[in-house]
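Notes follow the structure.
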Amino acid sequence: MNTHLYSKVDLSEDDKDHSLREDIRRLGRILGDTVRNQHGDEIFDLIETVRQNSIRFRRDADPAARSELESTLDSLTNDQTTQVIRAFSYFSHLVNLAEDQHHVRRTRAHLIAGSAARRGSLAHTIEALYENGHSTAQLLEFFQTAEVSPVLTAHPTEVQRKSILNCQMAITRLLDERDRMQLTPEESAANEEAVGRAVLTLWQTRMLRTSKLSVLDEVENGLSFYDYTFLRELPQLYAGLEDLLASKDAGHQPVELPSFMKMGSWIGGDRDGNPFVTAEVLEKTLAMQATRALKFYLDELHTLGSQLSMATLLVHVSAELKSLAERSPDHSPHRSDEPYRLAVSGMYARLASTYTQLLGLTPAIPASGEAQAYASAEELSADLDIVHASLLANGSAALARGRLRHLRRAVKVFGFYLAPLDLRQNSDVHERVVAELLQAANPEMRYLELDEEGRIAVLVNEISSSRPLASPYLTYSEETQSELAIYRAACTAKQRYGNGAVPNCIISKTDGVSDMLELALLLKESGLLHPAEARLDVNIIPLFETIGDLQNSAPSMDRLFAIPAYARLLASRGNAQEVMLGYSDSNKDGGFLTSGWELFKAELDLVKVFETHQVRLRLFHGRGGSVGRGGGPSFQAILAQPAGAVQGQIRLTEQGEVITAKYGNPEVGRRNLEVLAAATMEASLLAHTEAPPRPEFLSAMEELSDHAFRAYRHLVYETEGFEQYFWESTVISEIAGLNIGSRPASRKKSTAIEDLRAIPWVFSWSQCRLMLPGWFGFGAAVQSYLKAHPDNGLQILQSMFKEWSFFSTVLSNMEMVLAKSDIGIASRYAQLVKDDALRDSIFPRLQAEHALTIAVLKTISGQDELLAANPLLKRSISNRFPYLSPLNHVQVELLQRYRQGDPDERVRRGIHLSINGIAAGLRNSG
């Protein structure tokens, strides 16, 4: 019997992956040792038997191995089941860490070797731009108006606890230490022992939450990524880009870029379907964010003061620096001739006062004396600039490039609020609140009975008037009071933390102009819209989600821009208008292919409308982690946008389960931020490199979309019993019972697919390995298209794949989903459907469409097998999937026991553990 669990992982023998193989083997061996030490040989041998049979079955399709695997798993006791799930789940987590570290290792080796920069890196993009004829001056001009913002959102199906993430971070640091340092035998042994301790801690850390997350728990989880990555890595990204641009300039003059890239957040401000986001929660969220930012600045200033020890006997300083030092409350005789230290000490004292004034908190390290609080982050930034300028002017430029440089950038990027917090609410709520306000002011007003033009007329009149609509002498419904309170809290927060603290208000389910004007009216009532000055203090952002809403998006914006009152307000926002496009709900509404196509067409139409009205378009892409919610590689997705759709500005959501994967590791996080910046630059400045799609391509896509839409709608919304099939063949019921988010899985108390949130819809299909939202309908669409175009249909589709980045990206993302699907495993979940006739009528359709989709995809792409052109992903799948099959098998067995009424708590907990493990193994497919 093999003495080390997972020590014979079946991996490719490609030399460049040798270190990855070694890391996986090493982590697997340590995990195996941990299991043996904690639970004895019997459990270890059981897990090892399951592992070996799963590998044999996945590698050789050995029916005997499958039979033995199923027999073993079906005979497990509840305790044995729990240990098997934990072992294979933790292995998936450890493989993720090894792969992330390998990406860091390969990037570092690439840079050390000095080879050509990789596509997607800023170095590659800058090089390409210069080769294309762009000058440094042109690039600097581009950055003056550029805006790139990844926006963190809470996730109703985020299954990973922060405690687990902390354990993983400890293991990552130890792997990185081994890579970066040439360890002595003694140091190597110490590192190995430390990894063992970290894995043991991971094994003994509870994977599941015992209570439901609150909104503030979600806020705290999101803030942890600032500690890991954003506060340090984002300033370093700016520094690297500035140095790169300076190196291209003939005079090598230092470059300072505007802060074009900032993090954003919805966590604590997204009220759509979440009644727990209140004005009080908003206030606490902003305070938590400000605390994180100010504590970071205080710590950095304290360290900076210890480093800038230059004495006036040896250096000159600027008059401004001298004045700054003289205002310091630090009167220690030991620092009397150290002006930089005095200046920084004074800044620390002022920031400490700010910390107390804004948050009621006292810094861990007391200030040297009393000082006036900063009125804004800009004042702190100005003081840091004085230190910087004095160093440059007096022979200490090198000192300005270290900690001071990164702190100056951090203050400019994060301010006193850390991340701009978006507010989001459903248009139906706004509609009800506005109707109540209008009727309370005028009992004859029947707002809800008005048609669209009638509503627009009423709303335009109200937002043009300085007279308040809401009265302090009237009593409104709880909903109306709550909505007004949250916007008023936002107004106060902007005054408290800075104008950028709450810059955006998003309207879910926007389907017309009145939806946007209703929000404008609520903003006026809250002091965020000023009719007399024609000034708007926040961006009003429509979110177009369903297929119908996407199709109506351009006409809606055209009508809105034609309203003089709104045009005046927009002028106060620099004539820039943001539009958010929803990938999740459009997919659930119309299927993967139609959603992608309607989004693309909506962007084309929006570009034309915005050009007509001379308004700058900024798109906000509501992309999830999974392909079924608009996910996939960000670089390719941004480049696949229609010409003119990016224009140097883009925002996109980063949702729960991929935030950890993208930003949990600091170096991987910086690489992902770099990718967003590079893609935005390429899409804006090199967009002409791809010719516009040929008319026959557009025609073909329209036909394909039409066929795919009908196929998808026929299955999901028109097949009798499909709703029951979904609820019984997936873990959706059990997901709804998990303590994994502050909001419910459905928007209403019903089982209707229409009411279900898109995230649990996609997550459930991924757990049963069918991945239906990421591919269903494509096979039928291509089959119908080829039947209608027998002579040249295939040639057109193959040309689209080769020449059109939009189409190739769609197929690439779909290929990834299909490669992670497993129809054999999905068939086991189908057995959970109680009605034999229902199962036998639906699953064969899914099976046939799955096979057809894979076949047509191979034909169009010219590949013999899936992922032939993506060896990295193929390798990753081969590494981890033998360890997912047992989890799926056990999950089905536990679901059967649970649904048959087994009262053992270990059964329910086992299901939830398996959900976690499968999500970890699939990474971005949940």
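Within each chain, counting starts at residue 1; across the structure tokens, chains are named A, B, ... in the order shown, with ligands numbered 1 upward in that order.
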Filtered DSSP result for range 73-283 of chain A, state helix (DSSP H, G or I), as an MDAnalysis selection string: chainID A and resid 73:74 78:113 122:131 136:145 162:180 185:203 215:248 279:283
Exercise: range 78-89 of chain A partners within 7 Å, only C-alpha atoms, chain neighbours under 2 positions left out, as a list in words: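 Everything that qualifies: Ile47, Leu76, Phe91, Ser92, His93, Tyr883, Leu887, Arg906, Val907, Gly910, Leu913, Ser914 and Gly917 of chain A.
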Point-to-point distance from CA of Val429 in chain A to CA of Val219 in chain A, Å rounded to tenths: 23.8 Å
Given only C-alpha atoms as the counted atoms, nearest of A:Val148, A:Leu294, A:Ala435, A:Met169 to Arg618 in chain A: A:Val148
Got a sec: who's within 8 Å of range 794-811 of chain A, counting only C-alpha atoms, leaving out chain neighbours fewer than 5 positions off, as a PDB file with N, CA and C atoms, in the first residue's frame?
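Final output, saved to selection.pdb:
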```
ATOM      1  N   LEU A 593     -25.833  31.483 -25.463  1.00  0.00           N
ATOM      2  CA  LEU A 593     -25.481  32.091 -26.749  1.00  0.00           C
ATOM      3  C   LEU A 593     -26.273  33.372 -26.992  1.00  0.00           C
ATOM      4  N   GLY A 596     -25.038  36.286 -24.781  1.00  0.00           N
ATOM      5  CA  GLY A 596     -23.799  36.890 -25.292  1.00  0.00           C
ATOM      6  C   GLY A 596     -24.038  37.754 -26.509  1.00  0.00           C
ATOM      7  N   GLN A 636      -9.407  38.367 -22.650  1.00  0.00           N
ATOM      8  CA  GLN A 636     -10.080  38.087 -23.919  1.00  0.00           C
ATOM      9  C   GLN A 636     -11.470  38.725 -23.960  1.00  0.00           C
ATOM     10  N   ALA A 637     -12.155  38.727 -22.818  1.00  0.00           N
ATOM     11  CA  ALA A 637     -13.502  39.295 -22.787  1.00  0.00           C
ATOM     12  C   ALA A 637     -13.489  40.781 -23.099  1.00  0.00           C
ATOM     13  N   LEU A 639     -11.144  42.443 -24.793  1.00  0.00           N
ATOM     14  CA  LEU A 639     -10.748  42.638 -26.195  1.00  0.00           C
ATOM     15  C   LEU A 639     -11.863  42.266 -27.161  1.00  0.00           C
ATOM     16  N   ALA A 640     -12.774  41.395 -26.727  1.00  0.00           N
ATOM     17  CA  ALA A 640     -13.861  40.967 -27.607  1.00  0.00           C
ATOM     18  C   ALA A 640     -15.022  41.957 -27.631  1.00  0.00           C
ATOM     19  N   GLN A 641     -14.916  43.059 -26.884  1.00  0.00           N
ATOM     20  CA  GLN A 641     -15.986  44.058 -26.909  1.00  0.00           C
ATOM     21  C   GLN A 641     -16.037  44.736 -28.279  1.00  0.00           C
ATOM     22  N   GLU A 690      -8.431  44.521 -35.399  1.00  0.00           N
ATOM     23  CA  GLU A 690      -9.380  43.524 -35.887  1.00  0.00           C
ATOM     24  C   GLU A 690     -10.437  44.214 -36.746  1.00  0.00           C
ATOM     25  N   PRO A 693     -16.729  42.771 -37.948  1.00  0.00           N
ATOM     26  CA  PRO A 693     -17.250  41.480 -38.417  1.00  0.00           C
ATOM     27  C   PRO A 693     -17.971  41.626 -39.755  1.00  0.00           C
ATOM     28  N   GLU A 696     -21.987  38.670 -43.239  1.00  0.00           N
ATOM     29  CA  GLU A 696     -22.468  37.283 -43.134  1.00  0.00           C
ATOM     30  C   GLU A 696     -22.235  36.714 -41.744  1.00  0.00           C
ATOM     31  N   PHE A 697     -21.214  37.250 -41.022  1.00  0.00           N
ATOM     32  CA  PHE A 697     -20.987  36.815 -39.639  1.00  0.00           C
ATOM     33  C   PHE A 697     -22.143  37.286 -38.746  1.00  0.00           C
ATOM     34  N   ALA A 700     -25.207  35.291 -39.514  1.00  0.00           N
ATOM     35  CA  ALA A 700     -25.109  33.937 -38.966  1.00  0.00           C
ATOM     36  C   ALA A 700     -25.351  33.946 -37.456  1.00  0.00           C
ATOM     37  N   LEU A 786     -26.777  24.777 -40.020  1.00  0.00           N
ATOM     38  CA  LEU A 786     -26.152  24.002 -41.092  1.00  0.00           C
ATOM     39  C   LEU A 786     -27.202  23.382 -42.008  1.00  0.00           C
ATOM     40  N   LEU A 857     -18.783  21.874 -31.761  1.00  0.00           N
ATOM     41  CA  LEU A 857     -17.692  22.722 -31.326  1.00  0.00           C
ATOM     42  C   LEU A 857     -16.363  22.233 -31.903  1.00  0.00           C
ATOM     43  N   ILE A 860     -16.240  23.054 -35.689  1.00  0.00           N
ATOM     44  CA  ILE A 860     -16.007  24.470 -35.992  1.00  0.00           C
ATOM     45  C   ILE A 860     -14.563  24.866 -35.686  1.00  0.00           C
ATOM     46  N   SER A 861     -14.048  24.409 -34.550  1.00  0.00           N
ATOM     47  CA  SER A 861     -12.701  24.806 -34.134  1.00  0.00           C
ATOM     48  C   SER A 861     -11.609  23.981 -34.801  1.00  0.00           C
TER      49      SER A 861
END
```
Nearest candidate to Asp243 in chain A (options A:Ser149, A:Ser586, A:Ser309, A:Thr136; using only C-alpha atoms):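 The answer is A:Thr136, which sits nearest to Asp243 in chain A.
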Select from range 492-536 of chain A every residue with an atom at most 9 Å from any atom of range 549-557 of chain A, then for each give the shortest pair of atoms and their distance in Å to one decimal, using only C-alpha atoms, rows by chain and rising number, as a tab-separated table.
```
residue	atom	partner	partner_atom	distance
A:Lys509	CA	A:Asp549	CA	7.7
A:Thr510	CA	A:Asp549	CA	6.9
A:Asp511	CA	A:Asp549	CA	5.3
A:Gly512	CA	A:Ser556	CA	5.6
A:Val513	CA	A:Ser556	CA	5.6
```
Surrounding residues of Phe225 in chain A excluding itself and chain neighbours under 4 positions, 7 Å, only C-alpha atoms, as a VMD selection string: chain A and resid 229 to 230 663 to 664
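When DSSP reads the backbone of this structure, the residues of range 296-519 of chain A it assigns to strand (DSSP E or B) are A:Leu421, A:Leu423, A:Arg424, A:Gln425, A:Asn426, A:Asn504, A:Cys505, A:Ile506, A:Ile507, A:Ser508.
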Limited to N, CA and C atoms, could you put the picked residues into a file as an mmCIF file, in the first residue's frame?
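Here's the written file part02.cif:
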```
data_model
loop_
_atom_site.group_PDB
_atom_site.id
_atom_site.type_symbol
_atom_site.label_atom_id
_atom_site.label_comp_id
_atom_site.auth_asym_id
_atom_site.auth_seq_id
_atom_site.Cartn_x
_atom_site.Cartn_y
_atom_site.Cartn_z
ATOM 1 N N LEU A 421 -18.220 52.868 -2.851
ATOM 2 C CA LEU A 421 -19.285 51.899 -2.586
ATOM 3 C C LEU A 421 -20.500 52.240 -3.432
ATOM 4 N N LEU A 423 -24.425 51.881 -4.587
ATOM 5 C CA LEU A 423 -25.755 51.518 -4.104
ATOM 6 C C LEU A 423 -26.517 50.878 -5.262
ATOM 7 N N ARG A 424 -27.286 49.808 -4.958
ATOM 8 C CA ARG A 424 -28.113 49.195 -5.989
ATOM 9 C C ARG A 424 -29.463 48.843 -5.397
ATOM 10 N N GLN A 425 -30.503 49.117 -6.174
ATOM 11 C CA GLN A 425 -31.856 48.737 -5.781
ATOM 12 C C GLN A 425 -32.671 48.404 -7.023
ATOM 13 N N ASN A 426 -33.702 47.595 -6.827
ATOM 14 C CA ASN A 426 -34.569 47.179 -7.926
ATOM 15 C C ASN A 426 -35.513 48.308 -8.327
ATOM 16 N N ASN A 504 -21.988 56.014 -7.038
ATOM 17 C CA ASN A 504 -22.850 55.404 -8.045
ATOM 18 C C ASN A 504 -24.125 54.841 -7.437
ATOM 19 N N CYS A 505 -25.229 55.011 -8.145
ATOM 20 C CA CYS A 505 -26.504 54.383 -7.790
ATOM 21 C C CYS A 505 -26.991 53.592 -8.997
ATOM 22 N N ILE A 506 -27.207 52.307 -8.792
ATOM 23 C CA ILE A 506 -27.526 51.384 -9.892
ATOM 24 C C ILE A 506 -28.965 50.921 -9.767
ATOM 25 N N ILE A 507 -29.643 50.850 -10.892
ATOM 26 C CA ILE A 507 -31.051 50.469 -10.921
ATOM 27 C C ILE A 507 -31.175 49.092 -11.563
ATOM 28 N N SER A 508 -31.448 48.078 -10.750
ATOM 29 C CA SER A 508 -31.681 46.745 -11.299
ATOM 30 C C SER A 508 -32.999 46.730 -12.055
#
```
Nearest to Met516 in chain A, chosen from A:Val460, A:Leu73, A:Leu122, A:Leu304, with only C-alpha atoms counted in the distances: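 Smallest distance to Met516 in chain A is found for A:Val460.
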Residue contacts of Glu436 in chain A (12 Å, only C-alpha atoms) excluding same-chain residues fewer than 3 positions away, as a VMD selection string: chain A and resid 429 to 433 439 to 448 469 to 471 474 to 481 483 518 522
Nearest to Tyr417 in chain A by atom-to-atom distance, counting only C-alpha atoms, from A:Pro150, A:Pro363, A:Gly498, A:Gly824: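 Using only C-alpha atoms, Tyr417 in chain A sits closest to A:Gly498.
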Nearest residue to Arg350 in chain A from the set A:Val892, A:Ile753, A:Ala490, A:Ala371 (distances using only C-alpha atoms):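 Of the candidates, the smallest distance to Arg350 in chain A is held by A:Ala371.
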Point-to-point distance in Å for CA of Arg839 in chain A and CA of Phe722 in chain A: 9.4 Å
Contact residues around range 163-168 of chain A with only C-alpha atoms at 7 Å, ignoring same-chain residues under 2 positions, as a ChimeraX atom specification: /A:160-161,170-172,198,201-202,205,207
d(CA of Pro871 in chain A, CA of Arg119 in chain A) in Å: 16.5 Å
